[in-house]
Amino acid sequence: MDTNKTVIKGLVVGGTHSGSGKTTVALGLMAAFRRRGLKVCAFKAGPDFIDPGYHSQTCGAVSRNLDGWMLTQGYNRKSFQKHARGSDIAIVEGVMGLFDGYDGKSEAGSTAQMAKWLRLPVLLVVDARSMARSAAALIYGFEHFDQDLDFAGAVFNRIGSPTHLRYLKEALAGTVKMPCLGGLPRESDLALPERHLGLVTSEDNPLSSDYVERLAGLVEESIDLETILARLGDIPEKGLEKHPSSGKCYPVRIGVARDEAFCFYYQDNLEILESFGAELVFFSPLRDERLPEGITGLYLGGGYPELFALRLSDNVSLRGEIRGLAEKDFPIYAECGGFMFLCQGIQDTEGSFYPMAGVYPFTVRMLSRLKSLGYREVRLAASCPLGTVGQVIRGHEFHYSEMIEGPKGVQLAYSIAGRRGKDTHGEGFLMRNTLGSYVHLHFGSNPDVGKNFVRLCWKHRNERASFIYSQK
């Protein structure tokens with residue numbers, strides 16, 4: 001492609017429902033366009049951590065989350081514009097069904113809303129299994145439901161044969177405006193494995209080069225890529241905005257747990273910390289016996305610590321080091337899986353107990369059913385590593401575990417409400433400078449919390465240095 005180009009192209013991959021094949025089609029398009037020499041950038045609508053990992057592997061560049069509830073329209077548009085810059089094509093994978101959002105009354109939080117915010121056309125993925133002419137009625141309804149939405153076309157998934165695809169095309173001809181741009185055959189070995197929080201993570205199940213190449217080849221054979229590119233409008237790069245400078249920086253080193261057990265991080269969170277001066281040093285609680293040298297703060301993200309409980313428990317030296325630092329007022333922020341790691345231990349569904357870092361005086365146990373799911377608005381009820389009383393941050397909660405003893409003797413720093421502002425309850429477990437919670441916060445909803453954590457790490461480092469100097 002021309003390195004002096006002034007435009008890029010973009011589309012949203014939406015589905016008729018969850019499980020329609022959005023991820024497979026999105027990954028296939030990314031791989032196929034990249035194989036053609038195009039520079040592809042990827043985004044995921046919604047709070048999902050797992051799909052962006054597969055996007056990043058396929059594109060060779062970091063995929064980012066966009067979200068209609070956690071983040072403002074302005075933030076979403078600026079993030080898309082900033083990170084799409086320099087690409088040939090931007091692909092946004094949607095969430096749930098195209099029009100599914102926070103409720104049944106509006107488009108809020110839906111893929112359709114995001115497509116309109118970003119002014120991108122939608123490629124509609126339709127699961128055609130056990131369906132022929134009825135597919136035309138389904139697509140007709142999607143096409144007419146929102147007249148302000150632009151469609152690039154439809155792609156069928158899980159077609160049974162070439163004859164099946166011919167029937168589908170015949171049904172659409174003269175019935176709907178959007179063209180059929182192809183159909184992927186029903187091949188079970190293309191499906192990505194799943195577990196209780198969704199797909200298996202890319203860290204635990206990296207896509208092989210053979211899989212990516214096969215998927216790219218299948219998409220090139222089955223989907224009309226040239227027509228897709230021709231139907232996409234140009235996005236002028238000269239109109240792409242840049243994020244403003246973050247202001248004052250606080251040079252610190254923050255250790256970030258990252259491996260198969262701890263891999264749920266919004267890329268924006270990491271970059272917001274860096275924008276305020278933090279150098280992020282990644283380490284593995286599964287493999288490293290010691291924390292990185294010279295750090296003055298810890299960030300423990302979510303993931304699947306329960307699947308690696310024995311290995312985490314066996315890493316006695318690292319568990320002890322983290323507990324010791326917490327007792328010395330070391331700044332630590334932990335979300336969901338990271339919070340579970342800071343507890344006394346994890347009890348699995350069969351009753352086996354695995355000791356963890358022991359910072360908090362309670363244990364968590366795994367459940368065979370979903371414990372909590374949904375968007376959360378956090379209002380700080382106490383000063384903590386993320387800020388002062390009254391500050392508001394938005395995030396998401398999704399877990400299969402619960403505390404056994406409850407937060408006895410631990411200060412609650414959060415007042416949490418759901419997306420509708422109801423069912424307010426206390427959470428956010430604060431002990432000294434350690435803050436843990438089941439909620440995954442998106443710092444983009446309030447970048448000041450990232451600054452506050454970095455500044456606390458910087459302050460702790462300077463106070464510690466002054467104390468050491470005064471003892472000499």
# chains A, B, ... in the order shown; residues from 1 in each chain; ligands from 1
>>> select_by_dssp(residues="range 19-55 of chain A", states="alpha helix (DSSP H)", output="list in words")
Lys22, Thr23, Thr24, Val25, Ala26, Leu27, Gly28, Leu29, Met30, Ala31, Ala32, Phe33, Arg34, Arg35, Ile50, Asp51, Pro52, Gly53, Tyr54 and His55 of chain A
>>> residues_around(residues="range 11-27 of chain A", least_positions_apart="5", cutoff="6 Å", atoms="only C-alpha atoms", output="PDB file with C-alpha atoms, in the first residue's frame")
ATOM      1  CA  ILE A  91     -11.992  -3.996  11.695  1.00  0.00           C
ATOM      2  CA  VAL A  92     -14.271  -3.664  14.729  1.00  0.00           C
ATOM      3  CA  GLU A  93     -15.746  -6.903  16.053  1.00  0.00           C
ATOM      4  CA  GLY A  94     -19.142  -6.292  17.604  1.00  0.00           C
ATOM      5  CA  MET A  96     -23.761  -9.919  21.090  1.00  0.00           C
ATOM      6  CA  GLY A  97     -26.398  -9.398  18.396  1.00  0.00           C
ATOM      7  CA  LEU A  98     -26.207  -6.233  16.315  1.00  0.00           C
ATOM      8  CA  LEU A 120     -18.665   2.665   9.765  1.00  0.00           C
ATOM      9  CA  PRO A 121     -20.704   0.208   7.671  1.00  0.00           C
ATOM     10  CA  VAL A 122     -21.675  -3.171   9.121  1.00  0.00           C
ATOM     11  CA  LEU A 123     -20.869  -6.587   7.695  1.00  0.00           C
ATOM     12  CA  LEU A 124     -23.713  -8.753   9.024  1.00  0.00           C
ATOM     13  CA  VAL A 125     -22.814 -12.333   9.979  1.00  0.00           C
ATOM     14  CA  VAL A 126     -25.776 -14.705   9.747  1.00  0.00           C
ATOM     15  CA  ASP A 127     -25.702 -18.256  11.105  1.00  0.00           C
TER      16      ASP A 127
END
>>> select_by_dssp(residues="range 395-462 of chain A", states="strand (DSSP E or B)", output="ChimeraX atom specification")
/A:395-399,401-403,411-418,425-431,434-437,440-441
>>> write_last_selection(atoms="N, CA and C atoms", output="short mmCIF file (atom, residue, chain, number, x, y, z; two decimals), in the first residue's frame")
data_model
loop_
_atom_site.label_atom_id
_atom_site.label_comp_id
_atom_site.auth_asym_id
_atom_site.auth_seq_id
_atom_site.Cartn_x
_atom_site.Cartn_y
_atom_site.Cartn_z
N GLY A 395 -16.71 0.16 35.07
CA GLY A 395 -16.06 -1.09 34.77
C GLY A 395 -17.05 -2.21 34.55
N HIS A 396 -16.56 -3.45 34.69
CA HIS A 396 -17.35 -4.63 34.39
C HIS A 396 -16.97 -5.74 35.36
N GLU A 397 -17.95 -6.58 35.69
CA GLU A 397 -17.72 -7.67 36.64
C GLU A 397 -18.21 -8.98 36.03
N PHE A 398 -17.40 -10.05 36.15
CA PHE A 398 -17.75 -11.34 35.57
C PHE A 398 -16.92 -12.41 36.27
N HIS A 399 -17.53 -13.18 37.15
CA HIS A 399 -16.74 -14.20 37.87
C HIS A 399 -17.60 -15.34 38.38
N SER A 401 -16.64 -17.05 41.28
CA SER A 401 -16.16 -17.30 42.64
C SER A 401 -16.82 -16.35 43.62
N GLU A 402 -16.68 -16.66 44.90
CA GLU A 402 -17.22 -15.80 45.95
C GLU A 402 -16.33 -15.90 47.18
N MET A 403 -16.42 -14.89 48.04
CA MET A 403 -15.68 -14.91 49.30
C MET A 403 -16.43 -15.79 50.30
N GLN A 411 -11.60 -2.41 55.27
CA GLN A 411 -12.33 -1.22 54.85
C GLN A 411 -12.84 -1.36 53.43
N LEU A 412 -14.05 -0.89 53.17
CA LEU A 412 -14.62 -0.92 51.83
C LEU A 412 -14.47 0.46 51.19
N ALA A 413 -13.74 0.50 50.08
CA ALA A 413 -13.43 1.78 49.44
C ALA A 413 -14.39 2.12 48.32
N TYR A 414 -15.21 1.15 47.89
CA TYR A 414 -16.11 1.38 46.77
C TYR A 414 -17.57 1.39 47.21
N SER A 415 -18.34 2.25 46.57
CA SER A 415 -19.79 2.14 46.56
C SER A 415 -20.16 1.80 45.12
N ILE A 416 -20.71 0.60 44.91
CA ILE A 416 -20.90 0.08 43.56
C ILE A 416 -22.37 0.04 43.20
N ALA A 417 -22.67 0.46 41.98
CA ALA A 417 -24.02 0.37 41.44
C ALA A 417 -23.95 -0.26 40.06
N GLY A 418 -25.04 -0.91 39.65
CA GLY A 418 -25.12 -1.44 38.31
C GLY A 418 -25.30 -0.33 37.30
N HIS A 425 -23.97 -1.27 46.62
CA HIS A 425 -23.39 -2.04 47.72
C HIS A 425 -21.92 -1.69 47.87
N GLY A 426 -21.34 -2.05 49.02
CA GLY A 426 -19.94 -1.76 49.29
C GLY A 426 -19.03 -2.85 48.76
N GLU A 427 -17.88 -2.44 48.28
CA GLU A 427 -16.85 -3.37 47.80
C GLU A 427 -15.54 -2.61 47.73
N GLY A 428 -14.56 -3.12 47.05
CA GLY A 428 -13.26 -2.46 46.98
C GLY A 428 -12.54 -2.62 48.29
N PHE A 429 -11.78 -3.68 48.46
CA PHE A 429 -11.21 -4.06 49.75
C PHE A 429 -9.86 -3.37 49.95
N LEU A 430 -9.82 -2.51 50.96
CA LEU A 430 -8.67 -1.64 51.20
C LEU A 430 -7.97 -2.04 52.48
N MET A 431 -6.69 -2.41 52.36
CA MET A 431 -5.83 -2.68 53.51
C MET A 431 -4.51 -1.97 53.26
N THR A 434 -3.11 -1.43 49.71
CA THR A 434 -3.54 -2.51 48.81
C THR A 434 -5.03 -2.37 48.56
N LEU A 435 -5.41 -2.31 47.30
CA LEU A 435 -6.81 -2.21 46.90
C LEU A 435 -7.14 -3.36 45.96
N GLY A 436 -8.13 -4.16 46.34
CA GLY A 436 -8.55 -5.28 45.51
C GLY A 436 -10.05 -5.28 45.30
N SER A 437 -10.49 -5.81 44.17
CA SER A 437 -11.91 -5.82 43.86
C SER A 437 -12.20 -6.84 42.77
N HIS A 440 -13.41 -5.12 37.09
CA HIS A 440 -12.39 -4.69 36.13
C HIS A 440 -12.72 -3.26 35.73
N LEU A 441 -11.91 -2.32 36.15
CA LEU A 441 -12.15 -0.92 35.83
C LEU A 441 -11.49 -0.54 34.51
#
>>> closest_residue(among="A:Arg455, A:His460, A:Lys177, A:Arg129", to="His144 in chain A", atoms="only C-alpha atoms")
A:Lys177
>>> residues_around(residues="Ala334 in chain A", least_positions_apart="3", cutoff="6 Å", atoms="only C-alpha atoms", output="list of chain:residue names")
A:Tyr299, A:Leu300, A:Gly301, A:Gly338, A:Phe339, A:Gly436
>>> atom_distance(atom1="CA of Gly74 in chain A", atom2="CA of Leu118 in chain A")
10.0 Å
>>> residues_around(residues="Ala137 in chain A", least_positions_apart="3", cutoff="12 Å", atoms="only C-alpha atoms", output="ChimeraX atom specification")
/A:126,131-134,140-144,168,171-176
>>> closest_residue(among="A:Glu274, A:Glu220, A:Glu306, A:Asp150", to="Gly183 in chain A", atoms="only C-alpha atoms")
A:Glu220
>>> residues_around(residues="range 40-49 of chain A", least_positions_apart="3", cutoff="7 Å", atoms="only C-alpha atoms", output="JSON, numbers by chain")
{"A": [30, 34, 52, 53, 55, 59, 61, 63, 64, 65, 66, 67, 84, 87, 88, 89, 90, 91, 92, 93, 94, 95, 111, 264, 265, 396]}
>>> write_last_selection(atoms="N, CA and C atoms", output="short mmCIF file (atom, residue, chain, number, x, y, z; two decimals), in the first residue's frame")
data_model
loop_
_atom_site.label_atom_id
_atom_site.label_comp_id
_atom_site.auth_asym_id
_atom_site.auth_seq_id
_atom_site.Cartn_x
_atom_site.Cartn_y
_atom_site.Cartn_z
N MET A 30 -9.28 -10.38 9.08
CA MET A 30 -8.00 -9.80 9.48
C MET A 30 -6.85 -10.56 8.84
N ARG A 34 -4.49 -9.15 5.79
CA ARG A 34 -3.07 -9.03 6.11
C ARG A 34 -2.23 -9.84 5.12
N PRO A 52 -9.89 -9.67 21.96
CA PRO A 52 -8.78 -8.80 21.55
C PRO A 52 -7.43 -9.53 21.54
N GLY A 53 -7.26 -10.53 22.40
CA GLY A 53 -6.02 -11.29 22.38
C GLY A 53 -5.83 -12.03 21.07
N HIS A 55 -7.34 -11.17 18.24
CA HIS A 55 -7.14 -10.13 17.22
C HIS A 55 -5.66 -9.75 17.13
N CYS A 59 -3.44 -9.95 13.80
CA CYS A 59 -3.05 -8.71 13.12
C CYS A 59 -1.58 -8.36 13.31
N ALA A 61 -0.66 -6.67 15.83
CA ALA A 61 -0.73 -5.36 16.50
C ALA A 61 -1.81 -5.43 17.56
N SER A 63 -4.97 -5.09 19.74
CA SER A 63 -6.38 -4.78 19.56
C SER A 63 -6.89 -4.09 20.82
N ARG A 64 -7.85 -3.18 20.65
CA ARG A 64 -8.33 -2.37 21.77
C ARG A 64 -9.83 -2.47 21.94
N ASN A 65 -10.27 -2.24 23.16
CA ASN A 65 -11.69 -2.27 23.48
C ASN A 65 -12.34 -0.92 23.26
N LEU A 66 -13.52 -0.94 22.69
CA LEU A 66 -14.42 0.20 22.62
C LEU A 66 -15.65 -0.19 23.42
N ASP A 67 -16.32 0.75 24.05
CA ASP A 67 -17.47 0.38 24.86
C ASP A 67 -18.42 1.56 24.99
N ALA A 84 -6.40 3.78 14.69
CA ALA A 84 -6.57 3.37 13.30
C ALA A 84 -5.59 4.09 12.38
N SER A 87 -3.18 2.69 9.38
CA SER A 87 -3.60 1.38 8.91
C SER A 87 -4.25 1.49 7.53
N ASP A 88 -4.36 0.35 6.86
CA ASP A 88 -5.09 0.31 5.59
C ASP A 88 -6.56 0.00 5.82
N ILE A 89 -6.83 -0.83 6.83
CA ILE A 89 -8.21 -1.17 7.13
C ILE A 89 -8.37 -1.42 8.63
N ALA A 90 -9.45 -0.91 9.20
CA ALA A 90 -9.77 -1.11 10.61
C ALA A 90 -10.99 -2.01 10.72
N ILE A 91 -10.90 -3.05 11.53
CA ILE A 91 -11.99 -4.00 11.69
C ILE A 91 -12.43 -3.99 13.15
N VAL A 92 -13.70 -3.70 13.38
CA VAL A 92 -14.27 -3.66 14.73
C VAL A 92 -15.19 -4.87 14.89
N GLU A 93 -14.84 -5.79 15.78
CA GLU A 93 -15.75 -6.90 16.05
C GLU A 93 -16.80 -6.47 17.06
N GLY A 94 -18.05 -6.71 16.75
CA GLY A 94 -19.14 -6.29 17.60
C GLY A 94 -19.33 -7.17 18.82
N VAL A 95 -20.39 -6.87 19.56
CA VAL A 95 -20.71 -7.61 20.79
C VAL A 95 -22.16 -8.09 20.69
N THR A 111 -23.77 -2.85 19.29
CA THR A 111 -22.85 -2.77 18.17
C THR A 111 -23.34 -1.74 17.15
N PHE A 264 -6.00 -10.49 31.82
CA PHE A 264 -7.13 -9.62 31.50
C PHE A 264 -6.78 -8.17 31.83
N TYR A 265 -6.31 -7.46 30.82
CA TYR A 265 -5.97 -6.05 30.96
C TYR A 265 -6.51 -5.28 29.78
N HIS A 396 -16.56 -3.45 34.69
CA HIS A 396 -17.35 -4.63 34.39
C HIS A 396 -16.97 -5.74 35.36
#
>>> closest_residue(among="A:Glu213, A:Val449, A:Gly233, A:Gly68", to="Gly10 in chain A", atoms="only C-alpha atoms")
A:Gly233
>>> closest_residue(among="A:Ile50, A:Leu190, A:Leu29, A:Cys457", to="Glu279 in chain A", atoms="only C-alpha atoms")
A:Cys457
>>> closest_residue(among="A:Phe80, A:His442, A:Lys169, A:Arg36", to="Gln267 in chain A", atoms="only C-alpha atoms")
A:His442
>>> atom_distance(atom1="CA of Ser313 in chain A", atom2="CA of Tyr354 in chain A")
5.8 Å
>>> atom_distance(atom1="CA of Ala230 in chain A", atom2="CA of Gly86 in chain A")
19.3 Å
>>> closest_residue(among="A:Tyr400, A:Tyr266, A:Phe276, A:Phe453", to="Met70 in chain A", atoms="only C-alpha atoms")
A:Tyr266
>>> residues_around(residues="Thr363 in chain A", least_positions_apart="4", cutoff="12 Å", atoms="only C-alpha atoms", output="ChimeraX atom specification")
/A:339-348,353-359,401-408
